[in-house]
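Chemist: Sharing entry37.cif here; it has mmCIF, C-alpha atoms.
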data_protein
#
loop_
_atom_site.group_PDB
_atom_site.id
_atom_site.type_symbol
_atom_site.label_atom_id
_atom_site.label_comp_id
_atom_site.auth_asym_id
_atom_site.auth_seq_id
_atom_site.Cartn_x
_atom_site.Cartn_y
_atom_site.Cartn_z
ATOM 1 C CA MET A 1 -46.987 72.630 -19.933
ATOM 2 C CA THR A 2 -49.993 71.361 -21.838
ATOM 3 C CA ASP A 3 -50.616 67.716 -22.643
ATOM 4 C CA SER A 4 -50.042 68.313 -26.357
ATOM 5 C CA SER A 5 -46.513 69.640 -25.748
ATOM 6 C CA ARG A 6 -45.488 66.287 -24.255
ATOM 7 C CA TYR A 7 -46.123 64.261 -27.388
ATOM 8 C CA ILE A 8 -44.554 64.127 -30.838
ATOM 9 C CA ASN A 9 -46.938 64.797 -33.708
ATOM 10 C CA PRO A 10 -46.383 61.963 -36.241
ATOM 11 C CA TYR A 11 -48.004 64.077 -38.977
ATOM 12 C CA THR A 12 -45.030 66.438 -39.076
ATOM 13 C CA ASP A 13 -41.816 65.678 -40.934
ATOM 14 C CA TYR A 14 -39.809 65.765 -37.697
ATOM 15 C CA GLY A 15 -42.300 63.609 -35.821
ATOM 16 C CA PHE A 16 -42.540 60.942 -38.515
ATOM 17 C CA LYS A 17 -38.759 60.737 -38.910
ATOM 18 C CA TYR A 18 -38.289 60.564 -35.147
ATOM 19 C CA LEU A 19 -40.907 57.856 -34.646
ATOM 20 C CA PHE A 20 -40.044 55.690 -37.645
ATOM 21 C CA GLY A 21 -36.486 56.603 -38.593
ATOM 22 C CA THR A 22 -34.445 56.284 -35.414
ATOM 23 C CA GLU A 23 -32.727 53.216 -34.048
ATOM 24 C CA PRO A 24 -34.476 53.232 -30.643
ATOM 25 C CA ASN A 25 -37.861 53.173 -32.425
ATOM 26 C CA LYS A 26 -36.968 50.544 -35.019
ATOM 27 C CA GLU A 27 -39.677 48.211 -33.680
ATOM 28 C CA PHE A 28 -42.315 50.808 -34.628
ATOM 29 C CA THR A 29 -40.970 50.936 -38.182
ATOM 30 C CA LEU A 30 -40.980 47.157 -38.437
ATOM 31 C CA ALA A 31 -44.564 47.000 -37.153
ATOM 32 C CA LEU A 32 -45.668 49.705 -39.608
ATOM 33 C CA VAL A 33 -44.082 47.974 -42.606
ATOM 34 C CA ASN A 34 -45.582 44.614 -41.670
ATOM 35 C CA ALA A 35 -49.010 46.199 -41.155
ATOM 36 C CA LEU A 36 -48.803 47.762 -44.606
ATOM 37 C CA LEU A 37 -47.912 44.385 -46.128
ATOM 38 C CA ARG A 38 -51.069 42.869 -44.562
ATOM 39 C CA GLY A 39 -49.565 39.411 -44.123
ATOM 40 C CA LYS A 40 -48.512 38.981 -47.779
ATOM 41 C CA GLU A 41 -44.920 39.002 -46.569
ATOM 42 C CA THR A 42 -43.313 39.403 -43.163
ATOM 43 C CA ILE A 43 -40.236 41.506 -42.583
ATOM 44 C CA LYS A 44 -38.240 40.135 -39.644
ATOM 45 C CA SER A 45 -35.484 42.735 -39.433
ATOM 46 C CA LEU A 46 -34.444 45.952 -41.077
ATOM 47 C CA THR A 47 -31.517 48.313 -41.188
ATOM 48 C CA LEU A 48 -32.125 52.037 -40.909
ATOM 49 C CA ILE A 49 -29.859 54.022 -43.205
ATOM 50 C CA PRO A 50 -29.816 57.809 -42.787
ATOM 51 C CA SER A 51 -30.912 59.395 -46.035
ATOM 52 C CA GLU A 52 -31.141 63.025 -45.026
ATOM 53 C CA GLN A 53 -29.113 65.059 -47.497
ATOM 54 C CA LEU A 54 -27.665 68.166 -45.944
ATOM 55 C CA GLY A 55 -26.485 70.898 -48.246
ATOM 56 C CA LEU A 56 -23.032 70.876 -49.742
ATOM 57 C CA ALA A 57 -20.518 73.602 -49.019
ATOM 58 C CA VAL A 58 -19.798 76.059 -51.807
ATOM 59 C CA GLY A 59 -16.285 74.613 -52.155
ATOM 60 C CA GLN A 60 -17.653 71.083 -52.596
ATOM 61 C CA ILE A 61 -20.055 72.241 -55.299
ATOM 62 C CA ALA A 62 -17.249 74.106 -57.052
ATOM 63 C CA GLN A 63 -14.983 71.037 -57.058
ATOM 64 C CA GLY A 64 -17.736 68.784 -58.362
ATOM 65 C CA THR A 65 -18.758 71.111 -61.181
ATOM 66 C CA ASN A 66 -15.458 72.689 -62.263
ATOM 67 C CA LEU A 67 -16.877 76.110 -61.418
ATOM 68 C CA THR A 68 -15.140 78.680 -59.275
ATOM 69 C CA GLU A 69 -16.487 79.361 -55.798
ATOM 70 C CA GLU A 70 -17.518 82.836 -56.976
ATOM 71 C CA GLU A 71 -19.520 81.338 -59.856
ATOM 72 C CA VAL A 72 -21.279 78.993 -57.460
ATOM 73 C CA LYS A 73 -22.060 81.850 -55.054
ATOM 74 C CA ASP A 74 -23.485 83.894 -57.940
ATOM 75 C CA MET A 75 -25.695 80.980 -59.017
ATOM 76 C CA LEU A 76 -27.000 80.476 -55.469
ATOM 77 C CA SER A 77 -27.814 84.141 -54.854
#
For this file, write the structure as C-alpha coordinates.
Modeler:
Amino acid sequence: MTDSSRYINPYTDYGFKYLFGTEPNKEFTLALVNALLRGKETIKSLTLIPSEQLGLAVGQIAQGTNLTEEEVKDMLS
(Lines of atoms letter the chains of each structure in order from A and count residues from 1; the text may use other names and numbers.)
(Lines give C-alpha, C1' and ligand atoms only; values in the text may rest on other atoms or scores of the structure.)
Protein backbone atom coordinates (compact mmCIF):
# COMPACT_ATOMS: atom_id res chain seq x y z
CA MET A 1 0.00 0.00 0.00
CA THR A 2 1.36 3.39 -0.96
CA ASP A 3 0.95 6.52 1.14
CA SER A 4 -1.38 8.08 -1.43
CA SER A 5 -3.85 5.18 -1.18
CA ARG A 6 -4.41 5.95 2.51
CA TYR A 7 -5.79 9.43 1.96
CA ILE A 8 -8.92 10.83 0.35
CA ASN A 9 -8.31 13.26 -2.50
CA PRO A 10 -10.50 16.33 -1.77
CA TYR A 11 -10.25 17.38 -5.44
CA THR A 12 -12.48 14.50 -6.53
CA ASP A 13 -16.26 14.57 -6.29
CA TYR A 14 -16.25 11.62 -3.88
CA GLY A 15 -13.49 13.07 -1.73
CA PHE A 16 -15.06 16.51 -1.43
CA LYS A 17 -18.48 15.08 -0.57
CA TYR A 18 -16.95 12.71 1.97
CA LEU A 19 -14.86 15.41 3.66
CA PHE A 20 -17.46 18.18 3.67
CA GLY A 21 -20.82 16.46 3.30
CA THR A 22 -20.93 13.79 5.98
CA GLU A 23 -22.10 14.13 9.55
CA PRO A 24 -18.86 12.92 11.18
CA ASN A 25 -16.94 15.64 9.29
CA LYS A 26 -19.41 18.46 9.91
CA GLU A 27 -16.77 20.45 11.81
CA PHE A 28 -14.67 20.60 8.62
CA THR A 29 -17.63 22.01 6.69
CA LEU A 30 -18.29 24.60 9.37
CA ALA A 31 -14.63 25.64 9.38
CA LEU A 32 -14.59 25.89 5.57
CA VAL A 33 -17.73 28.04 5.44
CA ASN A 34 -16.45 30.36 8.16
CA ALA A 35 -13.07 30.67 6.43
CA LEU A 36 -14.82 31.63 3.20
CA LEU A 37 -16.84 34.29 5.04
CA ARG A 38 -13.58 35.84 6.34
CA GLY A 39 -15.11 37.08 9.59
CA LYS A 40 -17.96 39.04 7.94
CA GLU A 41 -20.35 36.59 9.56
CA THR A 42 -19.88 33.53 11.74
CA ILE A 43 -21.87 30.36 11.28
CA LYS A 44 -22.22 28.53 14.60
CA SER A 45 -24.07 25.41 13.46
CA LEU A 46 -25.34 23.83 10.30
CA THR A 47 -27.53 20.98 9.19
CA LEU A 48 -26.34 18.71 6.41
CA ILE A 49 -29.16 17.72 4.08
CA PRO A 50 -28.45 15.01 1.50
CA SER A 51 -28.99 16.46 -1.95
CA GLU A 52 -27.76 13.63 -4.12
CA GLN A 53 -30.46 12.83 -6.65
CA LEU A 54 -30.43 9.21 -7.68
CA GLY A 55 -32.23 8.26 -10.84
CA LEU A 56 -35.92 7.52 -10.88
CA ALA A 57 -37.28 4.14 -11.86
CA VAL A 58 -38.99 3.88 -15.23
CA GLY A 59 -42.33 3.34 -13.48
CA GLN A 60 -41.91 6.53 -11.43
CA ILE A 61 -41.13 8.55 -14.55
CA ALA A 62 -44.14 7.06 -16.32
CA GLN A 63 -46.48 7.95 -13.45
CA GLY A 64 -45.16 11.50 -13.24
CA THR A 65 -45.44 12.17 -16.96
CA ASN A 66 -48.56 10.23 -17.99
CA LEU A 67 -46.44 8.20 -20.40
CA THR A 68 -46.42 4.43 -20.59
CA GLU A 69 -43.38 2.56 -19.32
CA GLU A 70 -42.63 1.52 -22.91
CA GLU A 71 -42.66 5.16 -24.04
CA VAL A 72 -40.26 6.08 -21.25
CA LYS A 73 -37.95 3.17 -22.13
CA ASP A 74 -37.96 4.26 -25.78
CA MET A 75 -37.07 7.84 -24.80
CA LEU A 76 -34.20 6.66 -22.58
CA SER A 77 -32.67 4.33 -25.17
Chemist: Report the distance between CA of Thr29 (chain A) and CA of Leu48 (chain A) in Å, rounded to one decimal place.
Modeler: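 Computing the Euclidean distance for CA of Thr29 (chain A) and CA of Leu48 (chain A) yields 9.3 Å.
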Chemist: Within 8 Å of Leu19 (chain A), counting all atoms listed in the file, which residues show up once you throw out same-chain ones fewer than 4 positions away? Write them as a ChimeraX atom specification, please.
Modeler: /A:10,15,25,28-29
Chemist: Could you tell me how far CA of Gly39 (chain A) sits from CA of Ile8 (chain A), in Å to one decimal place?
Modeler: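 The value is 28.5 Å.
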Chemist: Taking the file above as input, evaluate the PyMOL selection byres ((chain A and resi 73) around 12) and report the hits as a list in words.
Modeler: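 Listing what the PyMOL selection byres ((chain A and resi 73) around 12) selects in the shown file: Ala57, Val58, Gly59, Gln60, Ile61, Ala62, Leu67, Thr68, Glu69, Glu70, Glu71, Val72, Asp74, Met75, Leu76 and Ser77 of chain A.
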Chemist: Produce a file of the selected residues containing C-alpha atoms, as a PDB file, keeping the file's coordinate frame.
Modeler:
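What ended up in result-v9.pdb:
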ATOM      1  CA  ALA A  57     -20.518  73.602 -49.019  1.00  0.00           C
ATOM      2  CA  VAL A  58     -19.798  76.059 -51.807  1.00  0.00           C
ATOM      3  CA  GLY A  59     -16.285  74.613 -52.155  1.00  0.00           C
ATOM      4  CA  GLN A  60     -17.653  71.083 -52.596  1.00  0.00           C
ATOM      5  CA  ILE A  61     -20.055  72.241 -55.299  1.00  0.00           C
ATOM      6  CA  ALA A  62     -17.249  74.106 -57.052  1.00  0.00           C
ATOM      7  CA  LEU A  67     -16.877  76.110 -61.418  1.00  0.00           C
ATOM      8  CA  THR A  68     -15.140  78.680 -59.275  1.00  0.00           C
ATOM      9  CA  GLU A  69     -16.487  79.361 -55.798  1.00  0.00           C
ATOM     10  CA  GLU A  70     -17.518  82.836 -56.976  1.00  0.00           C
ATOM     11  CA  GLU A  71     -19.520  81.338 -59.856  1.00  0.00           C
ATOM     12  CA  VAL A  72     -21.279  78.993 -57.460  1.00  0.00           C
ATOM     13  CA  ASP A  74     -23.485  83.894 -57.940  1.00  0.00           C
ATOM     14  CA  MET A  75     -25.695  80.980 -59.017  1.00  0.00           C
ATOM     15  CA  LEU A  76     -27.000  80.476 -55.469  1.00  0.00           C
ATOM     16  CA  SER A  77     -27.814  84.141 -54.854  1.00  0.00           C
TER      17      SER A  77
END
Chemist: Need to verify the contact set: Thr42 (chain A), 10 Å, all atoms listed in the file, exclusion of same-chain residues closer than 6 positions in sequence. Can you return it as an NGL selection string?
Modeler: :A and (30-31 or 33-35)
Chemist: Report the distance between CA of Lys26 (chain A) and CA of Leu46 (chain A) in Å, rounded to one decimal place.
Modeler: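 Separation between CA of Lys26 (chain A) and CA of Leu46 (chain A): 8.0 Å.
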